Amino acid sequence: MNDADLKKLTLASAARRIRRKEISAVELTAAVLQRIARLNDRTRAFITVTADRALARAHAADRELLNGATAGPLHGVPLSLKDLYDTKGVRTTAGSKVFADRIPNEDGFVVQKIQDAGAVVPGKNNLHEFAYGVTTVNPHYGTARNPWNPDYLCGGSSGGSGVAVALSMGFGSLGSYTGGSIRIPASLCGVVGLKPTYGRCSLRGVVPLSWSLDHPGPMGQTVEDVALMLGVMAGYDAADPFCQDKPVPSYLDALTGSVKGLRIGLPRSYFFDGLAPEVDAALNAALKTYERLGADIVDIDLKTAGLQRGVWSQIASPEAYAYHEEYLSKQGDRYGADVRGRLEIGRLLLSIDYVRAQRVRTVMKEECRKVFESVDVIVTPSLPVTPPRIDQTTVQRGSVTEPTGVALTRCTRHFNVTGLPAISLTCGFTRDGLPIGMQIAGRAFDEAVVLRAAHAYEQDAKWFERRPEM
C-alpha cells in the first residue's frame with residue numbers, strides 16, 4: 001500500500017475494508033510502520049515504536065478474520081497511544097526521563113478495552129513532559145512538529161498523537177486532557193479530538209497530572225473515528241473511584257447528518273474577545289453553515305468563564321505537586337526545567353486557595369447547567385489565535401500580548417474545570433495553510449449530541465478531506 005492510498009483512509013473506513021477483506025491488517029500495519037520509520041525523525045510523533053508486537057497482532061487479526069471472527073469494531077486497525085497510558089511489558093515514560101525505564105505490569109483500563117476491540121498498537125506517542133504543558137517541546141524526546149509546517153507548534157500535551165493522526169502514522173490515538181491537551185493539538189494539527197465528560201472513561205492506568213481535571217479521550221481524522229473510539233473506551237470501571245456507572249449509547253447512531261432545530265449557544269463575551277481575524281472569519285462562516293443546515297443560534301452568557309485560569313491553576317498545581325513530590329525530592333534533576341518549575345509552584349499554594357477554587361468551580365458548573373436548559377450545545381473557537389511558531393513565547397490577541405500557553409488554553413480549560421464534553425474539529429485554514437479549530441461543548445454525559453453537531457458540520461464543510469503534504 002502506497003502513501004496516497006494510506007492517506008485516503010480514516011479509522012472507520014479502514015475498519016470497514018478490513019472486515020470486508022479488501023485489505024489485510026498486516027498490509028495496513030506494515031504501511032503505517034513504514035511511514036513512522038520514514039517520518040518520525042522529522043516529526044518526533046513517537047517515543048517508542050512497537051513494530052514487532054504490532055505486526056504479530058496484525059497477523060493474528062488476519063487469522064481471526066479468516067476463521068470468521070472479529071475481535072470488535074477496531075479489528076486490525078493501527079491506533080497509537082499517548083505515552084502516559086500504561087502498557088504491559090512496554091515502557092511508559094510520560095514524556096520524562098524520570099520514567100525512562102518504567103515498564104508497567106498491566107495495561108491501563110482503556111488500553112485493554114481498545115485492544116480487546118481488535119486495535120493494533122504501533123507505538124507510544126510523544127507528549128509534553130508529564131502532560132504539563134501545551135507545546136510538546138520535549139527536552140528529553142524531541143520537539144513534535146506541526147504536520148502542516150514543521151516550524152509551527154503542534155500543540156500539547158497530546159502533540160505526538162495529533163501529529164501521528166494527521167500524517168496517517170496510525171488512524172487514531174488515545175490522548176488525554178487536563179486543560180485542553182487533546183483539543184489544542186487537534187486544532188493545530190487539523191484533526192478531531194474529543195474530551196468526554198469527566199467520569200465517562202476510566203483513568204486507571206493513566207499517569208496522572210491532576211486527578212480531578214484529567215480526562216482520557218480519542219483523536220481521529222473524522223468525527224466518525226472518534227465516535228467509534230469513544231464507543232469502545234467508554235464504560236464503568238469499578239476500580240476507578242471517579243468513573244461513573246452511566247449507560248453508553250451508540251455514538252455512531254448519533255451521526256445523523258441533521259442539526260435541524262438544534263439550539264447552538266454562542267458565548268460572545270470572553271470566548272470571542274480579541275480573536276485573530278482569520279479565526280473570527282472561520283467561526284462566523286461555520287455559524288452561517290449551521291444556520292443554513294437548520295440550527296438556531298442563541299446568544300448566551302457564561303459570566304464565570306473568565307475565572308477559568310485562576311480556578312484551574314489553584315486546583316491543578318497542588319494536585320500535580322502531590323503526585324510528584326517524592327519524585328521531585330529524589331530525581332528532581334531529571335525533570336525538564338519548564339515542568340519542574342510549574343510543579344514546584346504547587347508547593348507554594350495554600351489549602352484555602354484550593355478550597356476557594358473548588359467552590360468557584362461548583363458555581364461554574366451550576367452556571368453551565370442553567371445555560372443548557374435553553375441550548376443543546378455551545379460553540380466557541382478552539383483557540384483564539386492562529387498556530388504560533390515553535391520559538392514564539394508570546395502571541396498578540398487583539399490589543400493584548402500574552403504568553404503563548406495562556407492564549408492556547410483560553411477557550412479549552414473552562415470545559416475541563418466544569419467536566420463537560422467538548423470536541424475540536426477543523427473549520428478552516430489560514431492564508432498560510434494552517435488549520436483553524438472550532439470547539440463544541442455539551443451537557444454532561446451527552447457526548448452523542450456533541451458528536452451529532454460536529455459530524456453534520458464536518459460532512460457539509462469537508463475540511464477533513466484536506467491533508468498535509470508530508
# chains A, B, ... in the order shown; residues from 1 in each chain; ligands from 1
$ residues_around --residues "region 77-82 of chain A" --least-positions-apart "5" --cutoff "6 Å" --atoms "only C-alpha atoms" --output "MDAnalysis selection string"
chainID A and resid 119:125 170:175
$ write_last_selection --atoms "C-alpha atoms" --output "compact mmCIF listing (two decimals), in the first residue's frame"
# COMPACT_ATOMS: atom_id res chain seq x y z
CA ALA A 119 -6.80 -2.47 17.69
CA VAL A 120 -3.17 -2.88 16.62
CA VAL A 121 -0.81 -0.58 18.57
CA PRO A 122 2.25 0.53 16.57
CA GLY A 123 3.72 2.63 19.38
CA LYS A 124 3.57 5.30 22.08
CA ASN A 125 3.28 8.98 21.18
CA GLY A 170 -1.93 5.25 12.65
CA PHE A 171 -5.61 6.08 12.21
CA GLY A 172 -6.38 7.27 15.71
CA SER A 173 -4.76 7.83 19.07
CA LEU A 174 -5.69 7.86 22.72
CA GLY A 175 -4.82 11.26 24.15
$ residues_around --residues "region 139-155 of chain A" --least-positions-apart "5" --cutoff "8 Å" --atoms "only C-alpha atoms" --output "VMD selection string"
chain A and resid 42 to 45 47 95 to 97 126 to 127 134 160 162 to 163 166 to 167 181 184 to 186 188 to 189 336 387 to 390 433 to 434 468 to 470
$ select_by_dssp --residues "region 155-259 of chain A" --states "alpha helix (DSSP H)" --output "JSON, numbers by chain"
{"A": [159, 160, 161, 162, 163, 164, 165, 166, 183, 184, 185, 186, 187, 188, 189, 223, 224, 225, 226, 227, 228, 229, 230, 231, 232, 233]}
$ atom_distance --atom1 "CA of Ala164 (chain A)" --atom2 "CA of Ala94 (chain A)"
16.9 Å
$ select_by_dssp --residues "region 9-211 of chain A" --states "strand (DSSP E)" --output "VMD selection string"
chain A and resid 46 to 49 80 to 82 123 to 125 137 to 138 142 to 143 172 to 177 192 to 195
$ write_last_selection --atoms "N, CA and C atoms" --output "short mmCIF file (atom, residue, chain, number, x, y, z; two decimals), in the first residue's frame"
data_model
loop_
_atom_site.label_atom_id
_atom_site.label_comp_id
_atom_site.auth_asym_id
_atom_site.auth_seq_id
_atom_site.Cartn_x
_atom_site.Cartn_y
_atom_site.Cartn_z
N PHE A 46 6.51 9.90 17.83
CA PHE A 46 6.57 8.70 18.67
C PHE A 46 7.81 8.73 19.57
N ILE A 47 7.63 8.25 20.80
CA ILE A 47 8.75 7.99 21.69
C ILE A 47 9.20 6.53 21.55
N THR A 48 8.25 5.63 21.51
CA THR A 48 8.54 4.20 21.39
C THR A 48 7.73 3.60 20.26
N VAL A 49 8.36 2.85 19.38
CA VAL A 49 7.69 2.14 18.29
C VAL A 49 7.73 0.65 18.60
N SER A 80 -2.50 4.45 17.86
CA SER A 80 -1.40 4.68 18.80
C SER A 80 -1.89 5.20 20.15
N LEU A 81 -0.96 5.28 21.09
CA LEU A 81 -1.28 5.69 22.46
C LEU A 81 -0.35 6.80 22.91
N LYS A 82 -0.90 7.83 23.49
CA LYS A 82 -0.08 8.82 24.17
C LYS A 82 0.74 8.11 25.24
N GLY A 123 2.77 1.95 18.52
CA GLY A 123 3.72 2.63 19.38
C GLY A 123 3.08 3.64 20.30
N LYS A 124 3.96 4.34 21.05
CA LYS A 124 3.57 5.30 22.08
C LYS A 124 4.00 6.70 21.63
N ASN A 125 3.06 7.64 21.72
CA ASN A 125 3.28 8.98 21.18
C ASN A 125 3.98 9.93 22.13
N VAL A 137 7.12 20.67 23.22
CA VAL A 137 8.55 20.92 23.12
C VAL A 137 9.17 20.13 24.26
N ASN A 138 9.61 18.92 23.94
CA ASN A 138 10.04 17.98 24.98
C ASN A 138 11.57 17.92 25.01
N GLY A 142 12.53 15.09 22.18
CA GLY A 142 12.46 15.89 20.96
C GLY A 142 11.16 16.65 20.84
N THR A 143 11.18 17.70 20.03
CA THR A 143 10.02 18.55 19.81
C THR A 143 9.15 17.97 18.70
N GLY A 172 -5.80 6.64 14.54
CA GLY A 172 -6.38 7.27 15.71
C GLY A 172 -5.36 7.21 16.82
N SER A 173 -5.65 7.88 17.91
CA SER A 173 -4.76 7.83 19.07
C SER A 173 -5.57 8.11 20.33
N LEU A 174 -5.14 7.51 21.42
CA LEU A 174 -5.69 7.86 22.72
C LEU A 174 -4.85 8.99 23.28
N GLY A 175 -5.48 10.14 23.51
CA GLY A 175 -4.82 11.26 24.15
C GLY A 175 -5.38 11.45 25.54
N SER A 176 -5.04 12.56 26.16
CA SER A 176 -5.61 12.88 27.47
C SER A 176 -5.69 14.39 27.61
N TYR A 177 -6.62 14.83 28.48
CA TYR A 177 -6.86 16.26 28.71
C TYR A 177 -6.70 16.58 30.19
N VAL A 192 -9.51 15.72 14.63
CA VAL A 192 -10.64 15.81 15.54
C VAL A 192 -10.23 15.24 16.90
N GLY A 193 -10.53 15.95 17.95
CA GLY A 193 -10.22 15.48 19.30
C GLY A 193 -11.40 15.71 20.22
N LEU A 194 -11.75 14.69 20.99
CA LEU A 194 -12.92 14.75 21.87
C LEU A 194 -12.53 14.56 23.33
N LYS A 195 -12.96 15.48 24.18
CA LYS A 195 -12.88 15.31 25.62
C LYS A 195 -14.24 14.83 26.12
#
$ residues_around --residues "Lys365 (chain A)" --least-positions-apart "2" --cutoff "10 Å" --atoms "only C-alpha atoms" --output "list in words"
Thr304, Val360, Arg361, Thr362, Val363, Glu367, Cys368, Arg369, Lys370, Val371, His414, Phe415, Val417, Thr418, Gly419, Leu420 and Ala444 of chain A
$ write_last_selection --atoms "N, CA and C atoms" --output "PDB file, in the first residue's frame"
ATOM      1  N   THR A 304     -18.907  33.416  34.345  1.00  0.00           N
ATOM      2  CA  THR A 304     -17.756  32.989  35.144  1.00  0.00           C
ATOM      3  C   THR A 304     -16.607  32.460  34.292  1.00  0.00           C
ATOM      4  N   VAL A 360     -15.613  27.937  43.586  1.00  0.00           N
ATOM      5  CA  VAL A 360     -15.908  28.649  42.337  1.00  0.00           C
ATOM      6  C   VAL A 360     -16.200  27.646  41.229  1.00  0.00           C
ATOM      7  N   ARG A 361     -15.491  26.553  41.238  1.00  0.00           N
ATOM      8  CA  ARG A 361     -15.739  25.504  40.246  1.00  0.00           C
ATOM      9  C   ARG A 361     -17.198  25.033  40.305  1.00  0.00           C
ATOM     10  N   THR A 362     -17.720  24.875  41.492  1.00  0.00           N
ATOM     11  CA  THR A 362     -19.118  24.478  41.660  1.00  0.00           C
ATOM     12  C   THR A 362     -20.060  25.514  41.060  1.00  0.00           C
ATOM     13  N   VAL A 363     -19.747  26.784  41.262  1.00  0.00           N
ATOM     14  CA  VAL A 363     -20.561  27.861  40.686  1.00  0.00           C
ATOM     15  C   VAL A 363     -20.509  27.803  39.165  1.00  0.00           C
ATOM     16  N   GLU A 367     -23.667  27.283  36.622  1.00  0.00           N
ATOM     17  CA  GLU A 367     -23.970  28.223  35.549  1.00  0.00           C
ATOM     18  C   GLU A 367     -24.149  27.481  34.224  1.00  0.00           C
ATOM     19  N   CYS A 368     -23.287  26.526  33.956  1.00  0.00           N
ATOM     20  CA  CYS A 368     -23.407  25.746  32.718  1.00  0.00           C
ATOM     21  C   CYS A 368     -24.701  24.937  32.706  1.00  0.00           C
ATOM     22  N   ARG A 369     -25.041  24.360  33.837  1.00  0.00           N
ATOM     23  CA  ARG A 369     -26.272  23.569  33.904  1.00  0.00           C
ATOM     24  C   ARG A 369     -27.476  24.414  33.524  1.00  0.00           C
ATOM     25  N   LYS A 370     -27.533  25.642  34.015  1.00  0.00           N
ATOM     26  CA  LYS A 370     -28.658  26.520  33.707  1.00  0.00           C
ATOM     27  C   LYS A 370     -28.647  26.944  32.236  1.00  0.00           C
ATOM     28  N   VAL A 371     -27.460  27.206  31.694  1.00  0.00           N
ATOM     29  CA  VAL A 371     -27.364  27.594  30.285  1.00  0.00           C
ATOM     30  C   VAL A 371     -27.885  26.483  29.394  1.00  0.00           C
ATOM     31  N   HIS A 414     -11.970  25.969  30.397  1.00  0.00           N
ATOM     32  CA  HIS A 414     -13.275  26.114  31.047  1.00  0.00           C
ATOM     33  C   HIS A 414     -14.012  24.778  31.106  1.00  0.00           C
ATOM     34  N   PHE A 415     -13.921  23.998  30.030  1.00  0.00           N
ATOM     35  CA  PHE A 415     -14.687  22.750  29.972  1.00  0.00           C
ATOM     36  C   PHE A 415     -13.973  21.587  30.666  1.00  0.00           C
ATOM     37  N   VAL A 417     -12.499  22.391  33.694  1.00  0.00           N
ATOM     38  CA  VAL A 417     -12.924  22.764  35.049  1.00  0.00           C
ATOM     39  C   VAL A 417     -14.341  22.287  35.320  1.00  0.00           C
ATOM     40  N   THR A 418     -15.227  22.424  34.348  1.00  0.00           N
ATOM     41  CA  THR A 418     -16.626  22.023  34.530  1.00  0.00           C
ATOM     42  C   THR A 418     -16.868  20.555  34.209  1.00  0.00           C
ATOM     43  N   GLY A 419     -15.893  19.890  33.585  1.00  0.00           N
ATOM     44  CA  GLY A 419     -16.001  18.464  33.309  1.00  0.00           C
ATOM     45  C   GLY A 419     -16.936  18.098  32.181  1.00  0.00           C
ATOM     46  N   LEU A 420     -17.326  19.065  31.347  1.00  0.00           N
ATOM     47  CA  LEU A 420     -18.315  18.814  30.299  1.00  0.00           C
ATOM     48  C   LEU A 420     -17.661  18.300  29.024  1.00  0.00           C
ATOM     49  N   ALA A 444     -23.372  17.358  30.417  1.00  0.00           N
ATOM     50  CA  ALA A 444     -22.672  16.214  30.998  1.00  0.00           C
ATOM     51  C   ALA A 444     -23.272  14.913  30.475  1.00  0.00           C
TER      52      ALA A 444
END
$ atom_distance --atom1 "CA of Glu291 (chain A)" --atom2 "CA of Val379 (chain A)"
12.9 Å
$ closest_residue --among "A:Pro218, A:Gly265, A:Gly180, A:Gly68" --to "Ala407 (chain A)" --atoms "only C-alpha atoms"
A:Gly180
$ atom_distance --atom1 "CA of Gly274 (chain A)" --atom2 "CA of Pro384 (chain A)"
7.3 Å
$ closest_residue --among "A:Lys260, A:Arg91, A:Lys113, A:Arg53" --to "Tyr457 (chain A)" --atoms "only C-alpha atoms"
A:Lys260
$ residues_around --residues "Leu328 (chain A)" --least-positions-apart "5" --cutoff "10 Å" --atoms "only C-alpha atoms" --output "list in words"
Val98, Tyr321, Tyr323, Asp333, Arg334, Tyr335, Arg340, Leu343 and Glu344 of chain A
$ residues_around --residues "Met1 (chain A)" --least-positions-apart "6" --cutoff "9 Å" --atoms "only C-alpha atoms" --output "MDAnalysis selection string"
chainID A and resid 27:28 30:31
$ residues_around --residues "Gly428 (chain A)" --least-positions-apart "4" --cutoff "9 Å" --atoms "only C-alpha atoms" --output "list in words"
Glu278, Val279, Ala281, Ala282, Leu283, Ala285, Ala286, Leu434, Pro435, Ile436, Gly437, Met438, Ala461 and Trp463 of chain A
$ write_last_selection --atoms "N, CA, C and O atoms" --output "PDB file, in the first residue's frame"
ATOM      1  N   GLU A 278      -8.472  35.835  11.237  1.00  0.00           N
ATOM      2  CA  GLU A 278      -8.744  34.627  10.457  1.00  0.00           C
ATOM      3  C   GLU A 278      -9.564  33.613  11.257  1.00  0.00           C
ATOM      4  O   GLU A 278     -10.387  32.885  10.693  1.00  0.00           O
ATOM      5  N   VAL A 279      -9.348  33.571  12.563  1.00  0.00           N
ATOM      6  CA  VAL A 279     -10.155  32.704  13.421  1.00  0.00           C
ATOM      7  C   VAL A 279     -11.592  33.209  13.466  1.00  0.00           C
ATOM      8  O   VAL A 279     -12.554  32.439  13.329  1.00  0.00           O
ATOM      9  N   ALA A 281     -13.183  34.998  11.263  1.00  0.00           N
ATOM     10  CA  ALA A 281     -13.842  34.777   9.972  1.00  0.00           C
ATOM     11  C   ALA A 281     -14.244  33.315   9.802  1.00  0.00           C
ATOM     12  O   ALA A 281     -15.352  33.010   9.324  1.00  0.00           O
ATOM     13  N   ALA A 282     -13.376  32.392  10.208  1.00  0.00           N
ATOM     14  CA  ALA A 282     -13.683  30.963  10.076  1.00  0.00           C
ATOM     15  C   ALA A 282     -14.862  30.573  10.959  1.00  0.00           C
ATOM     16  O   ALA A 282     -15.749  29.810  10.530  1.00  0.00           O
ATOM     17  N   LEU A 283     -14.902  31.087  12.184  1.00  0.00           N
ATOM     18  CA  LEU A 283     -16.023  30.763  13.088  1.00  0.00           C
ATOM     19  C   LEU A 283     -17.331  31.341  12.569  1.00  0.00           C
ATOM     20  O   LEU A 283     -18.381  30.675  12.616  1.00  0.00           O
ATOM     21  N   ALA A 285     -18.134  31.930   9.502  1.00  0.00           N
ATOM     22  CA  ALA A 285     -18.549  31.132   8.347  1.00  0.00           C
ATOM     23  C   ALA A 285     -19.157  29.807   8.798  1.00  0.00           C
ATOM     24  O   ALA A 285     -20.160  29.345   8.229  1.00  0.00           O
ATOM     25  N   ALA A 286     -18.580  29.194   9.835  1.00  0.00           N
ATOM     26  CA  ALA A 286     -19.118  27.934  10.352  1.00  0.00           C
ATOM     27  C   ALA A 286     -20.508  28.134  10.937  1.00  0.00           C
ATOM     28  O   ALA A 286     -21.408  27.300  10.747  1.00  0.00           O
ATOM     29  N   LEU A 434      -2.487  26.773   7.505  1.00  0.00           N
ATOM     30  CA  LEU A 434      -2.518  26.135   8.822  1.00  0.00           C
ATOM     31  C   LEU A 434      -3.965  26.035   9.311  1.00  0.00           C
ATOM     32  O   LEU A 434      -4.771  26.939   9.103  1.00  0.00           O
ATOM     33  N   PRO A 435      -4.319  24.937   9.989  1.00  0.00           N
ATOM     34  CA  PRO A 435      -5.718  24.709  10.353  1.00  0.00           C
ATOM     35  C   PRO A 435      -6.219  25.606  11.473  1.00  0.00           C
ATOM     36  O   PRO A 435      -5.452  26.054  12.330  1.00  0.00           O
ATOM     37  N   ILE A 436      -7.524  25.843  11.447  1.00  0.00           N
ATOM     38  CA  ILE A 436      -8.240  26.598  12.480  1.00  0.00           C
ATOM     39  C   ILE A 436      -9.310  25.679  13.059  1.00  0.00           C
ATOM     40  O   ILE A 436     -10.010  24.988  12.316  1.00  0.00           O
ATOM     41  N   GLY A 437      -9.431  25.643  14.390  1.00  0.00           N
ATOM     42  CA  GLY A 437     -10.357  24.716  15.030  1.00  0.00           C
ATOM     43  C   GLY A 437     -11.580  25.390  15.624  1.00  0.00           C
ATOM     44  O   GLY A 437     -11.536  26.543  16.070  1.00  0.00           O
ATOM     45  N   MET A 438     -12.694  24.643  15.635  1.00  0.00           N
ATOM     46  CA  MET A 438     -13.935  25.053  16.293  1.00  0.00           C
ATOM     47  C   MET A 438     -14.216  24.074  17.431  1.00  0.00           C
ATOM     48  O   MET A 438     -14.068  22.864  17.277  1.00  0.00           O
ATOM     49  N   ALA A 461     -18.888  20.760   5.387  1.00  0.00           N
ATOM     50  CA  ALA A 461     -17.720  21.587   5.062  1.00  0.00           C
ATOM     51  C   ALA A 461     -16.596  20.785   4.418  1.00  0.00           C
ATOM     52  O   ALA A 461     -15.840  21.313   3.594  1.00  0.00           O
ATOM     53  N   TRP A 463     -13.694  19.810   5.462  1.00  0.00           N
ATOM     54  CA  TRP A 463     -12.297  20.199   5.673  1.00  0.00           C
ATOM     55  C   TRP A 463     -11.415  18.985   5.909  1.00  0.00           C
ATOM     56  O   TRP A 463     -10.202  19.031   5.652  1.00  0.00           O
TER      57      TRP A 463
END
$ closest_residue --among "A:Arg342, A:Pro196, A:Lys303, A:Asp214" --to "Arg443 (chain A)" --atoms "only C-alpha atoms"
A:Pro196
$ closest_residue --among "A:Gly156, A:Ser202, A:His59, A:Pro247" --to "Ser187 (chain A)" --atoms "only C-alpha atoms"
A:Gly156
$ closest_residue --among "A:Glu224, A:Glu326, A:Asp237, A:Asp353" --to "Val110 (chain A)" --atoms "only C-alpha atoms"
A:Asp237
$ residues_around --residues "Asp245 (chain A)" --least-positions-apart "4" --cutoff "12 Å" --atoms "only C-alpha atoms" --output "PyMOL selection string"
chain A and resi 198-202+234-241+445
$ closest_residue --among "A:Ala15, A:Ile103, A:Ala58, A:Val377" --to "Glu447 (chain A)" --atoms "only C-alpha atoms"
A:Val377
